[in-house]
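Source file: query.txt. Holds: compact mmCIF, C-alpha atoms and all ligand atoms.
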```
# COMPACT_ATOMS: atom_id res chain seq x y z
CA MET A 1 160.02 152.88 55.98
CA ALA A 2 162.95 150.46 55.84
CA LYS A 3 166.40 152.02 55.66
CA LEU A 4 169.36 150.97 53.51
CA TYR A 5 172.75 152.05 54.84
CA ILE A 6 175.25 152.44 52.03
CA GLY A 7 178.77 153.77 51.40
CA ASN A 8 179.92 156.17 48.69
CA LYS A 9 178.07 155.43 45.47
CA ASN A 10 181.23 156.02 43.44
CA TYR A 11 183.13 153.25 45.19
CA SER A 12 180.84 150.93 47.15
CA SER A 13 180.11 148.00 44.88
CA TRP A 14 178.50 145.99 47.71
CA SER A 15 176.14 148.84 48.53
CA MET A 16 175.17 149.17 44.88
CA ARG A 17 173.72 145.64 44.67
CA PRO A 18 170.76 145.80 47.10
CA TRP A 19 170.15 149.48 46.26
CA VAL A 20 169.83 148.79 42.52
CA LEU A 21 167.74 145.68 43.15
CA ALA A 22 165.27 147.40 45.51
CA ARG A 23 164.99 150.42 43.21
CA ALA A 24 164.55 148.27 40.08
CA LEU A 25 161.81 146.18 41.72
CA GLY A 26 160.02 149.09 43.40
CA ILE A 27 160.75 147.94 46.95
CA PRO A 28 160.51 151.12 49.05
CA PHE A 29 163.42 152.20 51.27
CA GLU A 30 165.08 155.28 52.64
CA GLU A 31 168.79 155.61 51.88
CA VAL A 32 171.28 156.42 54.64
CA MET A 33 174.69 157.36 53.28
CA VAL A 34 177.65 156.64 55.55
CA ARG A 35 180.55 158.38 53.89
CA PHE A 36 183.92 156.61 53.52
CA ASP A 37 186.16 158.86 55.63
CA PHE A 38 188.84 156.36 56.70
CA ALA A 39 191.69 158.77 55.89
CA GLU A 40 190.34 161.43 58.25
CA ALA A 41 191.78 161.60 61.78
CA ASP A 42 188.34 161.51 63.40
CA SER A 43 186.80 158.96 61.02
CA GLN A 44 183.07 158.56 61.73
CA PHE A 45 182.32 155.59 59.45
CA HIS A 46 182.54 152.78 62.03
CA LYS A 47 181.14 154.99 64.82
CA LYS A 48 178.02 155.68 62.74
CA LEU A 49 177.57 151.97 62.00
CA GLN A 50 178.26 150.56 65.46
CA HIS A 51 174.62 150.85 66.60
CA VAL A 52 173.36 149.36 63.33
CA THR A 53 175.57 146.32 62.63
CA PRO A 54 178.22 144.44 64.60
CA ALA A 55 179.95 143.67 61.29
CA GLY A 56 180.84 147.34 60.80
CA ARG A 57 180.31 147.25 57.04
CA VAL A 58 177.82 148.49 54.50
CA PRO A 59 175.32 147.64 53.11
CA VAL A 60 172.86 147.14 55.97
CA TRP A 61 169.08 146.89 55.59
CA VAL A 62 167.12 148.04 58.66
CA GLU A 63 163.40 147.29 58.92
CA ASN A 64 160.88 149.71 60.48
CA ASP A 65 161.13 147.96 63.84
CA GLY A 66 164.93 148.39 63.87
CA PHE A 67 165.78 144.79 62.90
CA ALA A 68 169.03 144.90 60.91
CA VAL A 69 170.19 142.57 58.13
CA TRP A 70 173.78 142.89 56.90
CA ASP A 71 175.79 141.36 54.07
CA THR A 72 174.43 141.62 50.53
CA LEU A 73 173.40 138.00 50.13
CA ALA A 74 171.48 138.02 53.42
CA ILE A 75 169.83 141.32 52.51
CA ILE A 76 168.75 139.98 49.15
CA GLU A 77 167.29 136.82 50.71
CA HIS A 78 165.51 139.01 53.28
CA LEU A 79 163.99 141.13 50.49
CA ALA A 80 162.95 137.97 48.63
CA GLU A 81 161.06 136.72 51.71
CA ARG A 82 159.68 140.09 52.80
CA HIS A 83 158.56 141.11 49.28
CA GLY A 84 157.60 137.73 47.87
CA ASP A 85 155.85 139.13 44.81
CA ALA A 86 158.55 141.63 43.81
CA GLY A 87 160.56 139.17 41.70
CA VAL A 88 163.87 139.20 43.56
CA TRP A 89 164.56 135.68 42.27
CA PRO A 90 163.32 134.12 39.00
CA GLN A 91 160.07 132.13 39.23
CA ALA A 92 161.10 128.66 38.01
CA LEU A 93 162.94 126.53 40.58
CA ASN A 94 165.92 125.73 38.36
CA ASP A 95 166.29 129.38 37.31
CA ARG A 96 166.03 130.46 40.94
CA SER A 97 168.69 127.98 42.01
CA ARG A 98 170.95 128.93 39.10
CA ALA A 99 170.53 132.63 39.92
CA ARG A 100 171.54 131.86 43.52
CA SER A 101 174.61 129.98 42.26
CA LEU A 102 175.65 132.94 40.12
CA CYS A 103 175.19 135.39 43.01
CA ALA A 104 177.12 133.13 45.38
CA GLU A 105 179.90 132.74 42.81
CA MET A 106 180.19 136.53 42.65
CA HIS A 107 179.91 136.99 46.40
CA ALA A 108 182.69 134.52 47.16
CA GLY A 109 184.94 134.87 44.14
CA PHE A 110 186.43 136.86 41.29
CA SER A 111 189.06 138.25 43.64
CA ALA A 112 191.55 138.98 40.82
CA LEU A 113 189.01 141.24 39.10
CA ARG A 114 187.94 142.83 42.38
CA ASN A 115 191.50 143.51 43.51
CA ALA A 116 192.91 144.72 40.20
CA CYS A 117 189.87 146.71 39.06
CA PRO A 118 188.06 148.32 41.99
CA MET A 119 184.76 150.03 41.21
CA ASN A 120 185.26 153.73 40.54
CA ILE A 121 182.30 155.00 38.55
CA GLU A 122 183.69 158.43 37.72
CA ALA A 123 187.09 157.25 36.40
CA TYR A 124 188.16 155.52 33.18
CA PHE A 125 191.35 153.43 33.22
CA PHE A 126 191.71 152.17 29.66
CA ASP A 127 195.54 152.12 29.73
CA GLN A 128 195.65 150.27 33.07
CA GLY A 129 193.03 147.89 31.68
CA LYS A 130 195.29 147.05 28.71
CA THR A 131 198.33 146.47 30.94
CA LEU A 132 196.41 144.44 33.51
CA TRP A 133 194.93 142.29 30.75
CA VAL A 134 198.42 141.35 29.53
CA GLU A 135 200.06 140.94 32.96
CA ASN A 136 197.32 139.43 35.13
CA PRO A 137 196.25 135.86 34.18
CA GLY A 138 193.88 135.71 37.18
CA LEU A 139 192.02 138.71 35.82
CA ARG A 140 191.71 137.12 32.37
CA LYS A 141 190.39 133.92 34.01
CA ASP A 142 187.80 135.81 36.09
CA VAL A 143 186.56 137.78 33.08
CA ALA A 144 186.39 134.63 30.93
CA ARG A 145 184.25 132.92 33.59
CA ILE A 146 181.95 135.93 33.93
CA ASP A 147 181.59 136.10 30.14
CA GLU A 148 180.74 132.40 30.09
CA LEU A 149 178.14 132.52 32.86
CA TRP A 150 176.47 135.63 31.43
CA SER A 151 176.44 134.20 27.89
CA GLU A 152 174.97 130.87 29.07
CA ALA A 153 172.26 132.52 31.16
CA LEU A 154 171.32 134.98 28.39
CA ALA A 155 171.19 132.21 25.76
CA ALA A 156 169.01 130.05 28.03
CA SER A 157 166.60 132.83 29.02
CA GLY A 158 166.57 134.75 25.73
CA GLY A 159 167.41 137.93 27.73
CA PRO A 160 167.30 140.82 28.01
CA TRP A 161 168.34 140.09 31.63
CA LEU A 162 170.17 137.00 32.88
CA PHE A 163 166.94 135.20 33.76
CA GLY A 164 164.59 137.13 31.46
CA LYS A 165 163.26 139.71 33.93
CA PHE A 166 165.64 141.87 35.97
CA SER A 167 166.46 139.93 39.15
CA ALA A 168 169.00 139.70 41.98
CA ALA A 169 171.46 138.11 39.55
CA ASP A 170 171.56 141.25 37.39
CA ALA A 171 171.90 143.49 40.45
CA PHE A 172 174.76 141.32 41.70
CA TYR A 173 176.67 141.71 38.44
CA ALA A 174 175.90 145.45 37.93
CA PRO A 175 179.18 146.57 39.61
CA VAL A 176 181.02 144.02 37.42
CA ALA A 177 179.54 145.70 34.34
CA VAL A 178 180.85 149.04 35.66
CA ARG A 179 184.35 147.59 36.18
CA LEU A 180 184.48 145.99 32.71
CA SER A 181 183.44 149.28 31.11
CA ARG A 182 185.79 151.51 33.14
CA PHE A 183 188.81 149.27 32.42
CA ALA A 184 187.62 148.44 28.86
CA LEU A 185 188.28 144.73 29.41
CA PRO A 186 187.61 142.60 26.33
CA VAL A 187 184.47 140.42 26.36
CA SER A 188 182.31 138.61 23.79
CA ALA A 189 179.66 140.48 21.79
CA ALA A 190 176.87 138.98 23.94
CA ALA A 191 178.58 140.00 27.19
CA GLY A 192 179.45 143.45 25.81
CA ALA A 193 175.82 144.07 24.84
CA TYR A 194 174.74 142.93 28.32
CA VAL A 195 177.20 145.40 29.92
CA GLU A 196 175.62 148.23 27.88
CA ARG A 197 172.09 147.14 28.90
CA VAL A 198 173.04 147.03 32.58
CA LEU A 199 174.71 150.47 32.45
CA ALA A 200 171.62 151.93 30.74
CA HIS A 201 169.13 150.40 33.24
CA GLY A 202 167.13 153.12 35.04
CA ALA A 203 168.19 152.09 38.56
CA VAL A 204 171.87 151.77 37.55
CA GLN A 205 171.68 155.18 35.85
CA GLU A 206 170.15 156.73 38.97
CA TRP A 207 172.97 155.28 41.10
CA THR A 208 175.59 156.37 38.52
CA GLN A 209 174.37 159.98 38.35
CA ALA A 210 174.41 160.23 42.15
CA ALA A 211 177.92 158.71 42.19
CA LEU A 212 179.15 161.33 39.72
CA ALA A 213 177.68 164.09 41.90
CA GLU A 214 179.62 162.95 45.00
CA GLN A 215 183.01 164.26 43.88
CA GLN A 216 184.90 162.77 46.80
CA TYR A 217 188.36 161.21 46.62
CA VAL A 218 188.92 158.15 48.86
CA PRO A 219 192.64 157.21 48.76
CA GLU A 220 192.06 153.62 50.02
CA ASP A 221 189.94 152.90 46.96
CA GLU A 222 192.29 154.54 44.46
CA PRO A 223 195.20 152.35 43.32
CA TYR A 224 195.63 154.26 40.05
CA ARG A 225 194.88 157.96 40.67
CA LYS A 226 196.76 160.29 43.05
CA ALA A 227 193.91 162.81 43.12
CA ARG A 228 190.58 163.46 41.42
N1 LIG B 301 180.51 140.55 52.33
C1 LIG B 301 180.06 141.89 52.60
C2 LIG B 301 181.12 142.90 52.18
C3 LIG B 301 180.76 144.33 52.57
C4 LIG B 301 181.95 145.27 52.45
O1 LIG B 301 183.12 144.86 52.36
N2 LIG B 301 181.65 146.58 52.49
C5 LIG B 301 182.69 147.60 52.44
C6 LIG B 301 182.27 148.74 51.52
S1 LIG B 301 181.96 148.25 49.85
C7 LIG B 301 182.86 148.22 53.83
O2 LIG B 301 181.89 148.51 54.51
N3 LIG B 301 184.11 148.43 54.25
C8 LIG B 301 184.42 149.02 55.51
C9 LIG B 301 185.35 148.19 56.33
O3 LIG B 301 185.76 147.10 55.86
O4 LIG B 301 185.68 148.63 57.44
C10 LIG B 301 178.72 142.11 51.85
O5 LIG B 301 178.45 141.32 50.93
O6 LIG B 301 177.94 143.01 52.20
```

Same coordinates, now as structure tokens:
Amino acid sequence: MAKLYIGNKNYSSWSMRPWVLARALGIPFEEVMVRFDFAEADSQFHKKLQHVTPAGRVPVWVENDGFAVWDTLAIIEHLAERHGDAGVWPQALNDRSRARSLCAEMHAGFSALRNACPMNIEAYFFDQGKTLWVENPGLRKDVARIDELWSEALAASGGPWLFGKFSAADAFYAPVAVRLSRFALPVSAAAGAYVERVLAHGAVQEWTQAALAEQQYVPEDEPYRKAR
């Protein structure tokens, strides 16, 4: 069976995307967890990955024959080609292209949101969220754009997912939904309802419950807490 190398479910937003997508679409894989242990003197993270990917990052998808694909966008395109009938991308050409645009926009952008509000599934930062919202115009701009692109896609497709059926676009924005909820950032009613739907999705719930069971504190990913 193919293997998906991932980092800590509580923190690793990039790992969450292909995991949630493959789970949601019934694409079989075996999960290999490579724990974030950067603070430990004898950190094993990069040692464990060095025979799998030259990029030294998770996620990595490894086929049965050992062929490795790294970087979320490349993994998702690989799954789309390898599992052509699974529905990784929407069916209609324009929807498919638009979904790719939205994924690429996420992959390459929203750095203010990503920097100010790292994914941390087990923690709620409502006070920091309020302060950041007032003090960080880049964050407000990122959230406004996300709200706009979600609202447009949902209005065009009729929902419940961005392109009707759950696709790569929803998986790509699942960690964004987690961030918006954990920092209680203000969004429109349509975007807020979409956040709730994403968080309640079976694959996202499965990931979330496993994240809550990890109970590990990774200082590099914790700008707001000093301990768990
Ligand atoms: N562009 C990459 C980003 C992957 C990434 O930054 N992964 C983080 C964990 S979420 C990582 O492995 N960090 C370890 C490091 O940078 O050494 C992707 O889309 O997969």

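Distances to Val178 of chain A were evaluated for A:Lys3, A:Arg225, A:Arg96, A:Arg17 using all atoms listed in the file, and the minimum falls at A:Arg17.
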
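In this comparison, which uses only C-alpha atoms and all ligand atoms, the residue of A:Glu40, A:Glu220, A:Glu30, A:Glu196 approaching ligand LIG 301 (chain B) most closely is A:Glu220.
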
**OP:** Grab the atom CA of Thr131 of chain A to atom CA of Gly109 of chain A distance for me, in Å with one decimal place.
**Re:**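 It comes out at 22.1 Å.
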
Subject >> Atomic separation - atom CA of Gly138 of chain A relative to atom CA of Ser181 of chain A, Å >> reply: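 Spanning atom CA of Ser181 of chain A to atom CA of Gly138 of chain A is a straight-line distance of 18.2 Å.
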
Original post:
Taking into account only C-alpha atoms and all ligand atoms, which residue in the set A:Leu49, A:Ala2, A:Val20, A:Ala41 is nearest to ligand LIG 301 (chain B)?
Top reply: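 Going through A:Leu49, A:Ala2, A:Val20, A:Ala41 one by one, the smallest distance to ligand LIG 301 (chain B) is for A:Leu49.
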
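A straight line drawn from atom CA of Pro175 of chain A to atom CA of Tyr224 of chain A is 18.2 Å long.
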
Original post:
Using all atoms listed in the file, which of the listed residues (A:Ile6, A:Val176, A:Ile76, A:Ala213) sits closest to Val198 of chain A?
Top reply: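 Ranked by minimum distance to Val198 of chain A, first place goes to A:Val176.
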
Original post:
When the cut-off is 8 Å and you count all atoms listed in the file, which residues lie near ligand LIG 301 (chain B), shown as number ranges by chain?
Top reply: A: 6-7, 11-15, 36, 45-46, 56-60, 70-73, 107

Original post:
With only C-alpha atoms as the basis for distance, which of A:Ala191, A:Ala144, A:Ala92, A:Ala171 is at the shortest distance from Ala112 of chain A?
Top reply: A:Ala144

Original post:
Which of these, A:Phe163, A:Gly26, A:Ala174, A:Gly66, has the shortest distance to Ser97 of chain A once you count all atoms listed in the file?
Top reply: A:Phe163

**OP:** Could you give me, as a ChimeraX atom specification, the residues within 12 Å of Leu79 of chain A, counting all atoms listed in the file and dropping anything in the same chain fewer than 2 positions from it?
**Re:** /A:2,4,18-19,21-23,25-29,61-63,69-70,72-77,81-89,167-168

Subject >> Residue contacts of Arg98 of chain A (12 Å, only C-alpha atoms) excluding same-chain residues fewer than 3 positions away, as a list in words >> reply: Trp89, Pro90, Gln91, Ala92, Leu93, Asn94, Asp95, Ser101, Leu102, Cys103, Ala104, Glu105, Leu149, Trp150, Glu152, Ala153, Ala156, Ser157, Leu162, Phe163, Ser167, Ala168 and Ala169 of chain A

**OP:** Mind checking which residues fall within 12 Å of Ala189 of chain A, counting only C-alpha atoms, ignoring those fewer than 5 positions away in the same chain, and posting them as a ChimeraX atom specification?
**Re:** /A:147-148,150-151,154,194-196
